[in-house]
Every structure is written in structure tokens, then in C-alpha cells.
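Chemist: Take a look at this one; I'll ask things after.
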Amino acid sequence: MQRIQMGPQGPVFSRLVYGTWRLLATRPTAQEINRRINGCLDLGITTVDTAEIYGKYEVEQALGEALALSPGLRDKLELVTKAGIYVPCERHPERRTAYYDATGGRLARSVEQSLRHLRTGRVELFLVHRPDWLARAADTAEGLNRLLEEGKIAAAGVSNYNVAQFDLLNAFMSRPLVTNQIEFHLLRHEPLTDGTLAQCERAGVAPMVWSPLAGGRLFDPESPAARRLADAAAGMAGRYGGASLEQLAYAWLLAHPSRPLPVLGSSRDERIRSAVRASELVLEREDWYALWEAAQGRRIP
């Protein structure tokens, strides 16, 4: 599988990333999670994305327990985690409401906890999960810079930041941010036009893409856009070895010159293998625009 350097000073990741947002949905055992991670490795997927909040703050610990079952497994992976969202839940009944906190001290405490749960001394990439409207960028950067200096994170990035927010935080960083993890798919084209992907390309920063299949909405038979996409995909599938809409949707993302890294949300082995096959497809320019038009229901401007 192709590997991508995330930025001029960033780590190198597999082009597809295994995401753990729904890791605990089927209540897997540590052994089952371990098998899934090893299966990803066999396919060339070496990068694993998680977050403090995933699974109501339980996924990181479950992932750490699974990795510990195979000595040396963690060293074959690039771990990505995120923090900055704090919500009331069974683990945190003391919280009155959901809030963001990207102050340097809060992020540092979250990283320390993540490292304990993941049973590792550092992560390859740490992301601020959401912009905190009350945090000074200089304060956020101070916490990230300290974590970089201490070696607890190898690189820093953000998630769900707009262009101005990214530039502001980056101005205070001792080492440049290496990614912006964004929502981008055939039903959400805004990053193409709001400057987000252009900023990534200009800075040599590879964006990570969450919900690359629109959370399943690409396949909703009640959606006019999904029906148009299904028809368009059926018409071009023969040019790509019978590729499914799902595979063409991944290929559509991967074609963008900013070098996006889709975060896979499925825990089903066959769908992960399907995504890997999709990463080898190269869409013709006309087909890329045909999918855009099908999603939008109109011609390009």
C-alpha cells in the first residue's frame, strides 16, 4: 500500500487508516480486536486512529489491552489519538454539559491518560479534536509544543478546523501542524471550495478524512443523491473491474491532489479488503466529475 508523509516534518502513514470510532459497537473481545489489527497489517494498513472520547471514553483502553496481547505489535503501527471534547457520561457523571477544552494543560492531561490506556510511551500523532472557542491559540500551542519537546507525541495536528483556525494555531507551533482531519465525501464537497484542501496542498499537509462514506448515507435508497450516485457508479463500473459505488467513493477521495487519507469506519473484514482494493483504482478525470455531478444533481459551474 502507498505510504504518505503527513507534512514536511511529519510521520509517514499508510494511505488508508483504520478507524476505531465504532470499535466497541459489537462488544469484541481483546483477542478479536487484536486479530482485526493484525488483519489490517496484513493488508498494509499500519495507521490506527482513535480518540479519547470514542466509545464513551473506553476505546483507547480496549485498544491498548488488545495490542498488549502481541509483543511487538504496537511497534509496527502508527497510533493517532485526539482529545478536547468532554461530555457527561457514565464515566464522568460530574460533568453538567458537553464542552470543548483545548487549553494546553487540559490537552497535556488527556495525552498522559491516553498513553496509559494505550500502554505506550508516545503516539505518532496527536490531534486537537475540535476548535475550542474559548482557548487562546498560544495556550493550545504551548501545550502541544511541550508534548512534542517531551517526546510524548511525535507530531501534532488538528481535526475539524477551518482555514483561519488552522493558520492561527500553526503560527504559534514550534513544529508545523501535519494534518487537519476533516469530514469530506461525495455528499460533503465544502472542503473543495472553502479553502481547506487548498490550504493542505499549499502547506504540504496531507488531510485525514473521517466519514468517507458519509456514514452510510451514500447507500440510502430514500436519498435522491444516493440514487443518482448508484446509477452513475453502475455506468462506469465496467471501466474499473466491476468496482462498487463504495470503492469508487474511496477512489474519488484519493484522487484529490492534497493526498487525503480516508479513515475506514468498518469493522467488517470484507469491507476493509474492499477499501484496500479501491486504493488501487485511478479514476479518469471525466468519471471524477461525473460523480461530483451525480452527488450535486447539477452540472459543474
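Note on naming: chains are A, B, ... as they come in the C-alpha cells, residues start from 1 per chain, ligands start from 1 in the order shown.
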Neighbours of region 236-247 of chain A within 7 Å (only C-alpha atoms; same-chain residues fewer than 5 positions away dropped), as a list in words?

Modeler: Ala230, Ser274, Ala275 and Ala278 of chain A

Chemist: Write out, as a JSON list (two decimals), in the first residue's frame, the residues just selected, with N, CA and C atoms.

Modeler:
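This is the output file result-v4.json:
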[["chain", "number", "residue", "atom", "x", "y", "z"],
["A", 230, "ALA", "N", -25.61, 5.89, -7.34],
["A", 230, "ALA", "CA", -25.68, 4.47, -7.67],
["A", 230, "ALA", "C", -25.78, 4.27, -9.17],
["A", 274, "SER", "N", -12.13, -4.57, 0.69],
["A", 274, "SER", "CA", -12.69, -3.85, -0.44],
["A", 274, "SER", "C", -12.10, -2.45, -0.55],
["A", 275, "ALA", "N", -11.92, -1.79, 0.58],
["A", 275, "ALA", "CA", -11.32, -0.45, 0.57],
["A", 275, "ALA", "C", -9.87, -0.49, 0.09],
["A", 278, "ALA", "N", -9.89, -0.65, -3.50],
["A", 278, "ALA", "CA", -10.27, 0.65, -4.05],
["A", 278, "ALA", "C", -9.09, 1.61, -4.09]]

Chemist: For Cys200 (chain A), list every protein, DNA or RNA residue within 12 Å, evaluated using only C-alpha atoms, and leave out those in the same chain fewer than 2 positions away; present the list as a PyMOL selection string.

Modeler: chain A and resi 6-8+157-158+161-163+166-167+176-182+191-192+194-198+202-208+256-260

Chemist: For Ala171 (chain A), which residue out of A:Thr120, A:Gln9, A:Asn34, A:Asn145 is the nearest one, using only C-alpha atoms?

Modeler: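 Smallest separation from Ala171 (chain A) among the options: A:Asn145.
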
Chemist: Using only C-alpha atoms, which residue out of A:Val12, A:Ala141, A:Ala135, A:Val59 lies closest to Glu78 (chain A)?

Modeler: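 For Glu78 (chain A), the nearest of the given residues is A:Val12.
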
Chemist: From the options A:Thr103, A:Ser110, A:Asn170, A:Thr29, which residue's atoms come nearest to Lys152 (chain A), counting only C-alpha atoms?

Modeler: A:Ser110

Chemist: Between CA of His189 (chain A) and CA of Asp231 (chain A), measure the distance and give it in Å to one decimal.

Modeler: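 Straight-line distance from CA of His189 (chain A) to CA of Asp231 (chain A) works out to 19.4 Å.
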
Chemist: Could you give me the residues within region 59-175 of chain A that DSSP places in strand (DSSP E), as a list in words?

Modeler: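 Reading the DSSP output for region 59-175 of chain A, strand (DSSP E) covers Glu78, Leu79, Val80, Thr81, Lys82, Ala83, Ile85, Tyr86, Tyr99, Tyr100, Leu125, Phe126, Leu127, Val128, Ala156, Gly157, Val158 and Ser159 of chain A.
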
Chemist: Using only C-alpha atoms, which protein or nucleic acid residues come within 10 Å of Gly84 (chain A)? Drop anything in the same chain fewer than 2 positions from it, and give the result as an mmCIF file with N, CA and C atoms, in the first residue's frame.

Modeler:
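Below is the file result.cif, written as the result:
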data_model
loop_
_atom_site.group_PDB
_atom_site.id
_atom_site.type_symbol
_atom_site.label_atom_id
_atom_site.label_comp_id
_atom_site.auth_asym_id
_atom_site.auth_seq_id
_atom_site.Cartn_x
_atom_site.Cartn_y
_atom_site.Cartn_z
ATOM 1 N N ALA A 51 -9.492 8.078 19.604
ATOM 2 C CA ALA A 51 -9.702 9.355 20.296
ATOM 3 C C ALA A 51 -10.105 9.082 21.729
ATOM 4 N N GLU A 52 -9.795 10.032 22.574
ATOM 5 C CA GLU A 52 -10.137 9.908 23.990
ATOM 6 C C GLU A 52 -11.626 9.650 24.180
ATOM 7 N N ILE A 53 -12.467 10.338 23.414
ATOM 8 C CA ILE A 53 -13.917 10.283 23.625
ATOM 9 C C ILE A 53 -14.572 9.044 23.031
ATOM 10 N N LYS A 82 -6.839 11.667 19.679
ATOM 11 C CA LYS A 82 -7.367 13.025 19.708
ATOM 12 C C LYS A 82 -7.928 13.311 21.097
ATOM 13 N N TYR A 86 -15.276 16.932 25.904
ATOM 14 C CA TYR A 86 -15.584 16.372 27.218
ATOM 15 C C TYR A 86 -17.095 16.417 27.427
ATOM 16 N N TYR A 99 -18.629 20.066 26.484
ATOM 17 C CA TYR A 99 -17.849 21.273 26.215
ATOM 18 C C TYR A 99 -16.529 20.886 25.555
ATOM 19 N N TYR A 100 -15.905 21.890 24.938
ATOM 20 C CA TYR A 100 -14.565 21.734 24.379
ATOM 21 C C TYR A 100 -13.560 22.372 25.322
ATOM 22 N N ASP A 101 -12.380 21.796 25.395
ATOM 23 C CA ASP A 101 -11.296 22.382 26.187
ATOM 24 C C ASP A 101 -9.977 22.050 25.508
ATOM 25 N N ALA A 102 -9.421 23.040 24.807
ATOM 26 C CA ALA A 102 -8.136 22.856 24.132
ATOM 27 C C ALA A 102 -7.061 23.698 24.780
ATOM 28 N N THR A 103 -7.210 23.979 26.075
ATOM 29 C CA THR A 103 -6.131 24.647 26.780
ATOM 30 C C THR A 103 -4.949 23.688 26.892
ATOM 31 N N ARG A 106 -5.065 21.092 29.821
ATOM 32 C CA ARG A 106 -6.067 20.041 29.676
ATOM 33 C C ARG A 106 -5.631 19.020 28.621
ATOM 34 N N LEU A 107 -5.079 19.497 27.504
ATOM 35 C CA LEU A 107 -4.620 18.569 26.466
ATOM 36 C C LEU A 107 -3.486 17.689 26.983
ATOM 37 N N SER A 110 -4.879 14.952 29.089
ATOM 38 C CA SER A 110 -5.547 13.957 28.259
ATOM 39 C C SER A 110 -4.538 13.044 27.578
ATOM 40 N N LEU A 127 -4.047 14.896 17.825
ATOM 41 C CA LEU A 127 -4.876 15.927 17.217
ATOM 42 C C LEU A 127 -5.750 16.620 18.255
ATOM 43 N N VAL A 128 -5.898 17.928 18.114
ATOM 44 C CA VAL A 128 -6.928 18.655 18.849
ATOM 45 C C VAL A 128 -8.245 18.338 18.148
ATOM 46 N N HIS A 129 -9.168 17.732 18.860
ATOM 47 C CA HIS A 129 -10.333 17.114 18.222
ATOM 48 C C HIS A 129 -11.310 18.132 17.639
ATOM 49 N N ARG A 130 -11.502 19.243 18.303
ATOM 50 C CA ARG A 130 -12.398 20.300 17.823
ATOM 51 C C ARG A 130 -11.842 21.652 18.256
ATOM 52 N N PRO A 131 -12.085 22.696 17.474
ATOM 53 C CA PRO A 131 -11.663 24.024 17.926
ATOM 54 C C PRO A 131 -12.394 24.400 19.218
ATOM 55 N N ASP A 132 -11.650 24.934 20.147
ATOM 56 C CA ASP A 132 -12.221 25.422 21.411
ATOM 57 C C ASP A 132 -12.320 26.929 21.300
#

Chemist: Could you find all residues in region 25-251 of chain A that DSSP calls alpha helix (DSSP H) from the backbone, and write them as a PyMOL selection string?

Modeler: chain A and resi 30-42+54-57+59-67+104-118+137-150+163-170+190-193+196-203+224-236+245-251

Chemist: Between A:Leu23, A:Leu67, A:Cys40, A:Met173, which one has atoms that come closest to Arg271 (chain A), using only C-alpha atoms?

Modeler: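 Closest candidate: A:Cys40.
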